[in-house]
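Peer 1: I'd like to ask some things about the structure below.
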Amino acid sequence: MIQRLMRWARKADVYLWDVAHRFCPEVEKAHLKKKRVYAHTFHDGKNVCWCQDAMTDLNPNQLAGICLHEYGHLLAGNRKSGYEAEKAADLVLMERFGIEMSYRGKNLIQWVNFKKVMRGI
Ligand SMILES: [Zn+2]
Ligand SMILES: [Zn+2]
């Protein structure tokens with residue numbers, strides 16, 4: 001699943017070709033405090049960091065949504081956090097790839113149509 005998204009990233013944008021995924025204790029801590037936090041980026045370089053729960057709690061559309069949202073942060077290049085940075089991350093996905101991000105469920109977790117995204121490139 002994440003492997004497919006990594007391959008997608010390599011094809012999708014030259015900037016993303018070497019992005020790496022890993023588990024990170026800081027995401028684990030953040031996830032304990034705030035349930036809807038499953039990943040972050042810009043930790044040190046072009047990584048997407050995950051917590052272990054992401055692999056079991058999330059369905060493929062949510063996992064892809066979060067992954068692509070993090071790619072959006074990398075592409076937007078804004079290391080700040082906050083509402084504007086969140087908007088910018090999703091906007092860059094729409095502008096470059098036509099991917100529409102939605103936020104669903106009671107925790108408002110990122111959601112994309114994974115199959116559609118994989119077909120789209
Ligand atoms: Zn991290
Ligand atoms: Zn974000």
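Ordering of the structure tokens sets the chain letters (A, B, ...), residue numbers begin anew at 1 in every chain, and ligands are numbered from 1 in the order given.
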Go through the chains and note each residue within 7 Å of ligand 1, using only C-alpha atoms and all ligand atoms, then give the set as a list in words.
Peer 2: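 What falls inside 7 Å of ligand 1 is Cys24, Pro25, Glu26, Val27, His40, Thr41, His43 and Cys49 of chain A.
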Peer 1: What residues of the protein or nucleic acid chains come within 9 Å of ligand 2 when you use only C-alpha atoms and all ligand atoms? Reply as a list in words.
Peer 2: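 With only C-alpha atoms and all ligand atoms and a cut-off of 9 Å, ligand 2 is contacted by Ala39, His40, Thr41, Ile66, His69, Glu70, Gly72, His73, Ser81, Gly82, Tyr83, Ala85, Glu86, Lys87, Ala88, Ala89 and Asp90 of chain A.
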Peer 1: Work out how far apart CA of Asn59 in chain A and CA of Asp18 in chain A are and give it in Å to one decimal.
Peer 2: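 Atom-to-atom, CA of Asn59 in chain A and CA of Asp18 in chain A are spaced 25.0 Å apart.
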Peer 1: Quick one: pull the distance between CA of Gly45 in chain A and CA of Gly120 in chain A, Å, one decimal.
Peer 2: 27.2 Å
Peer 1: From the set A:Arg79, A:Leu93, A:Arg4, A:Ala30, which residue has the shortest atom-to-atom contact distance to Met118 in chain A, counting only C-alpha atoms?
Peer 2: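 When distances to Met118 in chain A are compared using only C-alpha atoms, the smallest one comes from A:Arg4.
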Peer 1: For Gln52 in chain A, list every protein, DNA or RNA residue within 8 Å, evaluated using only C-alpha atoms, and leave out those in the same chain fewer than 2 positions away; present the list as a PyMOL selection string.
Peer 2: chain A and resi 23+28+50+54-56
Peer 1: Got time to write the residues from that selection, N, CA and C atoms, as a short mmCIF file (atom, residue, chain, number, x, y, z; two decimals), in the first residue's frame?
Peer 2:
```cif
data_model
loop_
_atom_site.label_atom_id
_atom_site.label_comp_id
_atom_site.auth_asym_id
_atom_site.auth_seq_id
_atom_site.Cartn_x
_atom_site.Cartn_y
_atom_site.Cartn_z
N PHE A 23 8.56 4.80 10.57
CA PHE A 23 7.83 5.00 11.81
C PHE A 23 8.64 5.94 12.69
N GLU A 28 4.06 8.81 17.33
CA GLU A 28 3.39 7.98 18.36
C GLU A 28 2.90 8.88 19.51
N TRP A 50 5.24 8.01 10.31
CA TRP A 50 3.95 7.41 10.66
C TRP A 50 3.97 6.87 12.08
N ALA A 54 -1.52 3.69 12.36
CA ALA A 54 -1.99 4.06 11.02
C ALA A 54 -2.18 2.82 10.15
N MET A 55 -1.33 1.83 10.37
CA MET A 55 -1.36 0.64 9.52
C MET A 55 -2.55 -0.27 9.84
N THR A 56 -3.12 -0.12 11.03
CA THR A 56 -4.24 -0.98 11.42
C THR A 56 -5.57 -0.23 11.52
#
```
Peer 1: Please give the complete set of residues from chain A that DSSP, run on the backbone, assigns to strand (DSSP E or B), formatted as a list in words.
Peer 2: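 Checking each residue of chain A, the strand (DSSP E or B) ones are Ala20, His21, Arg22, Phe23, Ala39, His40, Thr41, Asn47, Val48, Cys49, Trp50, Ser102, Tyr103, Arg104, Ile109, Gln110 and Trp111 of chain A.
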Peer 1: Could you please take those selected residues and save N, CA and C atoms as a PDB file, in the first residue's frame?
Peer 2:
```pdb
ATOM      1  N   ALA A  20      11.055   9.207   1.664  1.00  0.00           N
ATOM      2  CA  ALA A  20      11.106   7.940   2.399  1.00  0.00           C
ATOM      3  C   ALA A  20      10.012   7.909   3.465  1.00  0.00           C
ATOM      4  N   HIS A  21       9.560   6.711   3.779  1.00  0.00           N
ATOM      5  CA  HIS A  21       8.548   6.530   4.831  1.00  0.00           C
ATOM      6  C   HIS A  21       9.166   5.769   5.989  1.00  0.00           C
ATOM      7  N   ARG A  22       8.755   6.120   7.188  1.00  0.00           N
ATOM      8  CA  ARG A  22       9.299   5.428   8.367  1.00  0.00           C
ATOM      9  C   ARG A  22       8.351   5.610   9.544  1.00  0.00           C
ATOM     10  N   PHE A  23       8.559   4.796  10.569  1.00  0.00           N
ATOM     11  CA  PHE A  23       7.832   4.999  11.815  1.00  0.00           C
ATOM     12  C   PHE A  23       8.643   5.936  12.687  1.00  0.00           C
ATOM     13  N   ALA A  39       0.477  10.992  11.053  1.00  0.00           N
ATOM     14  CA  ALA A  39       1.707  11.171  10.272  1.00  0.00           C
ATOM     15  C   ALA A  39       2.159  12.618  10.345  1.00  0.00           C
ATOM     16  N   HIS A  40       3.435  12.834  10.020  1.00  0.00           N
ATOM     17  CA  HIS A  40       3.916  14.198   9.816  1.00  0.00           C
ATOM     18  C   HIS A  40       5.076  14.160   8.817  1.00  0.00           C
ATOM     19  N   THR A  41       5.501  15.341   8.421  1.00  0.00           N
ATOM     20  CA  THR A  41       6.609  15.395   7.468  1.00  0.00           C
ATOM     21  C   THR A  41       7.554  16.539   7.830  1.00  0.00           C
ATOM     22  N   ASN A  47      11.010  13.094   4.577  1.00  0.00           N
ATOM     23  CA  ASN A  47      10.411  11.867   5.088  1.00  0.00           C
ATOM     24  C   ASN A  47       8.936  12.062   5.351  1.00  0.00           C
ATOM     25  N   VAL A  48       8.201  10.972   5.263  1.00  0.00           N
ATOM     26  CA  VAL A  48       6.876  10.949   5.865  1.00  0.00           C
ATOM     27  C   VAL A  48       6.974   9.982   7.040  1.00  0.00           C
ATOM     28  N   CYS A  49       6.704  10.503   8.243  1.00  0.00           N
ATOM     29  CA  CYS A  49       6.759   9.683   9.453  1.00  0.00           C
ATOM     30  C   CYS A  49       5.347   9.235   9.815  1.00  0.00           C
ATOM     31  N   TRP A  50       5.239   8.012  10.306  1.00  0.00           N
ATOM     32  CA  TRP A  50       3.949   7.411  10.662  1.00  0.00           C
ATOM     33  C   TRP A  50       3.974   6.871  12.077  1.00  0.00           C
ATOM     34  N   SER A 102     -10.797  15.021   0.792  1.00  0.00           N
ATOM     35  CA  SER A 102     -11.914  15.320   1.681  1.00  0.00           C
ATOM     36  C   SER A 102     -11.575  14.849   3.087  1.00  0.00           C
ATOM     37  N   TYR A 103     -12.358  15.318   4.043  1.00  0.00           N
ATOM     38  CA  TYR A 103     -12.146  14.997   5.447  1.00  0.00           C
ATOM     39  C   TYR A 103     -13.421  14.345   5.954  1.00  0.00           C
ATOM     40  N   ARG A 104     -13.304  13.083   6.348  1.00  0.00           N
ATOM     41  CA  ARG A 104     -14.513  12.323   6.652  1.00  0.00           C
ATOM     42  C   ARG A 104     -14.469  11.677   8.023  1.00  0.00           C
ATOM     43  N   ILE A 109     -10.740  12.613   9.186  1.00  0.00           N
ATOM     44  CA  ILE A 109      -9.490  12.089   8.655  1.00  0.00           C
ATOM     45  C   ILE A 109      -9.477  12.253   7.139  1.00  0.00           C
ATOM     46  N   GLN A 110      -8.299  12.584   6.619  1.00  0.00           N
ATOM     47  CA  GLN A 110      -8.148  12.759   5.170  1.00  0.00           C
ATOM     48  C   GLN A 110      -8.654  11.523   4.433  1.00  0.00           C
ATOM     49  N   TRP A 111      -9.247  11.769   3.290  1.00  0.00           N
ATOM     50  CA  TRP A 111      -9.830  10.682   2.494  1.00  0.00           C
ATOM     51  C   TRP A 111      -9.677  11.002   1.009  1.00  0.00           C
TER      52      TRP A 111
END
```
Peer 1: Please list as a PyMOL selection string every residue within 12 Å of Arg7 in chain A, counting only C-alpha atoms and excluding residues in the same chain fewer than 3 positions away.
Peer 2: chain A and resi 1-4+10-14+16-21+118+121
Peer 1: Determine which residues of chain A DSSP labels as alpha helix (DSSP H) from the backbone of this structure, then write them out as a PDB file with C-alpha atoms, in the first residue's frame.
Peer 2:
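Done, and the output landed in result.pdb:
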```pdb
ATOM      1  CA  ILE A   2       2.598   2.568   1.078  1.00  0.00           C
ATOM      2  CA  GLN A   3       4.915   1.023  -1.534  1.00  0.00           C
ATOM      3  CA  ARG A   4       2.355   1.784  -4.218  1.00  0.00           C
ATOM      4  CA  LEU A   5       2.056   5.352  -2.979  1.00  0.00           C
ATOM      5  CA  MET A   6       5.837   5.701  -3.034  1.00  0.00           C
ATOM      6  CA  ARG A   7       5.888   4.510  -6.631  1.00  0.00           C
ATOM      7  CA  TRP A   8       3.091   6.954  -7.364  1.00  0.00           C
ATOM      8  CA  ALA A   9       5.160   9.770  -5.827  1.00  0.00           C
ATOM      9  CA  ARG A  10       8.207   8.880  -7.901  1.00  0.00           C
ATOM     10  CA  LYS A  11       6.191   9.069 -11.077  1.00  0.00           C
ATOM     11  CA  ALA A  12       4.056  11.999 -10.029  1.00  0.00           C
ATOM     12  CA  PRO A  25       8.286   7.963  18.086  1.00  0.00           C
ATOM     13  CA  GLU A  26       7.212  11.598  17.858  1.00  0.00           C
ATOM     14  CA  VAL A  27       4.188  10.691  15.780  1.00  0.00           C
ATOM     15  CA  GLU A  28       3.389   7.983  18.357  1.00  0.00           C
ATOM     16  CA  LYS A  29       3.383  10.679  21.058  1.00  0.00           C
ATOM     17  CA  ALA A  30       1.336  13.087  18.956  1.00  0.00           C
ATOM     18  CA  HIS A  31      -1.146  10.313  18.140  1.00  0.00           C
ATOM     19  CA  LEU A  32      -1.645   9.545  21.843  1.00  0.00           C
ATOM     20  CA  LYS A  33      -2.508  13.179  22.470  1.00  0.00           C
ATOM     21  CA  ASP A  53      -1.715   2.547  14.496  1.00  0.00           C
ATOM     22  CA  ALA A  54      -1.989   4.058  11.022  1.00  0.00           C
ATOM     23  CA  MET A  55      -1.362   0.643   9.521  1.00  0.00           C
ATOM     24  CA  THR A  56      -4.238  -0.983  11.417  1.00  0.00           C
ATOM     25  CA  ASP A  57      -6.775   1.806  12.108  1.00  0.00           C
ATOM     26  CA  PRO A  60      -6.874   2.325   2.140  1.00  0.00           C
ATOM     27  CA  ASN A  61      -8.677   5.542   1.225  1.00  0.00           C
ATOM     28  CA  GLN A  62      -7.775   7.157   4.540  1.00  0.00           C
ATOM     29  CA  LEU A  63      -4.194   5.925   4.441  1.00  0.00           C
ATOM     30  CA  ALA A  64      -3.776   7.252   0.908  1.00  0.00           C
ATOM     31  CA  GLY A  65      -5.465  10.504   1.928  1.00  0.00           C
ATOM     32  CA  ILE A  66      -3.014  11.076   4.769  1.00  0.00           C
ATOM     33  CA  CYS A  67      -0.029  10.004   2.681  1.00  0.00           C
ATOM     34  CA  LEU A  68      -0.949  12.320  -0.185  1.00  0.00           C
ATOM     35  CA  HIS A  69      -1.697  15.148   2.232  1.00  0.00           C
ATOM     36  CA  GLU A  70       1.845  14.768   3.610  1.00  0.00           C
ATOM     37  CA  TYR A  71       3.196  14.773   0.058  1.00  0.00           C
ATOM     38  CA  GLY A  72       1.196  17.975  -0.374  1.00  0.00           C
ATOM     39  CA  HIS A  73       3.056  19.515   2.565  1.00  0.00           C
ATOM     40  CA  LEU A  74       6.377  18.539   0.968  1.00  0.00           C
ATOM     41  CA  LEU A  75       5.357  20.008  -2.375  1.00  0.00           C
ATOM     42  CA  ALA A  76       3.929  23.171  -0.846  1.00  0.00           C
ATOM     43  CA  TYR A  83      -4.715  26.161   9.000  1.00  0.00           C
ATOM     44  CA  GLU A  84      -2.984  27.938   6.086  1.00  0.00           C
ATOM     45  CA  ALA A  85      -0.344  25.223   5.749  1.00  0.00           C
ATOM     46  CA  GLU A  86      -3.033  22.520   5.805  1.00  0.00           C
ATOM     47  CA  LYS A  87      -4.956  24.316   3.054  1.00  0.00           C
ATOM     48  CA  ALA A  88      -1.804  24.802   0.989  1.00  0.00           C
ATOM     49  CA  ALA A  89      -0.953  21.088   1.186  1.00  0.00           C
ATOM     50  CA  ASP A  90      -4.334  20.068  -0.212  1.00  0.00           C
ATOM     51  CA  LEU A  91      -4.372  22.871  -2.785  1.00  0.00           C
ATOM     52  CA  VAL A  92      -1.095  21.746  -4.328  1.00  0.00           C
ATOM     53  CA  LEU A  93      -2.550  18.226  -4.780  1.00  0.00           C
ATOM     54  CA  MET A  94      -5.552  19.664  -6.566  1.00  0.00           C
ATOM     55  CA  GLU A  95      -3.509  21.992  -8.762  1.00  0.00           C
ATOM     56  CA  ARG A  96      -0.819  19.502  -9.768  1.00  0.00           C
ATOM     57  CA  PHE A  97      -2.714  16.226  -9.866  1.00  0.00           C
ATOM     58  CA  PHE A 114      -7.333   5.414  -3.699  1.00  0.00           C
ATOM     59  CA  LYS A 115      -8.234   3.442  -6.817  1.00  0.00           C
ATOM     60  CA  LYS A 116      -8.985   6.596  -8.758  1.00  0.00           C
ATOM     61  CA  VAL A 117      -5.702   8.222  -7.701  1.00  0.00           C
ATOM     62  CA  MET A 118      -3.733   5.134  -8.788  1.00  0.00           C
ATOM     63  CA  ARG A 119      -5.439   5.152 -12.159  1.00  0.00           C
TER      64      ARG A 119
END
```
Peer 1: So the first atom is CA of Lys35 in chain A and the second is CA of Leu108 in chain A; what is the distance between them in Å, to one decimal place?
Peer 2: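 Separating CA of Lys35 in chain A from CA of Leu108 in chain A is a distance of 10.5 Å.
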Peer 1: Go through A:Glu100, A:Arg36, A:Tyr15, A:Asn113 and flag the residue nearest Leu58 in chain A, using only C-alpha atoms for the distances.
Peer 2: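 The closest residue to Leu58 in chain A is A:Arg36.
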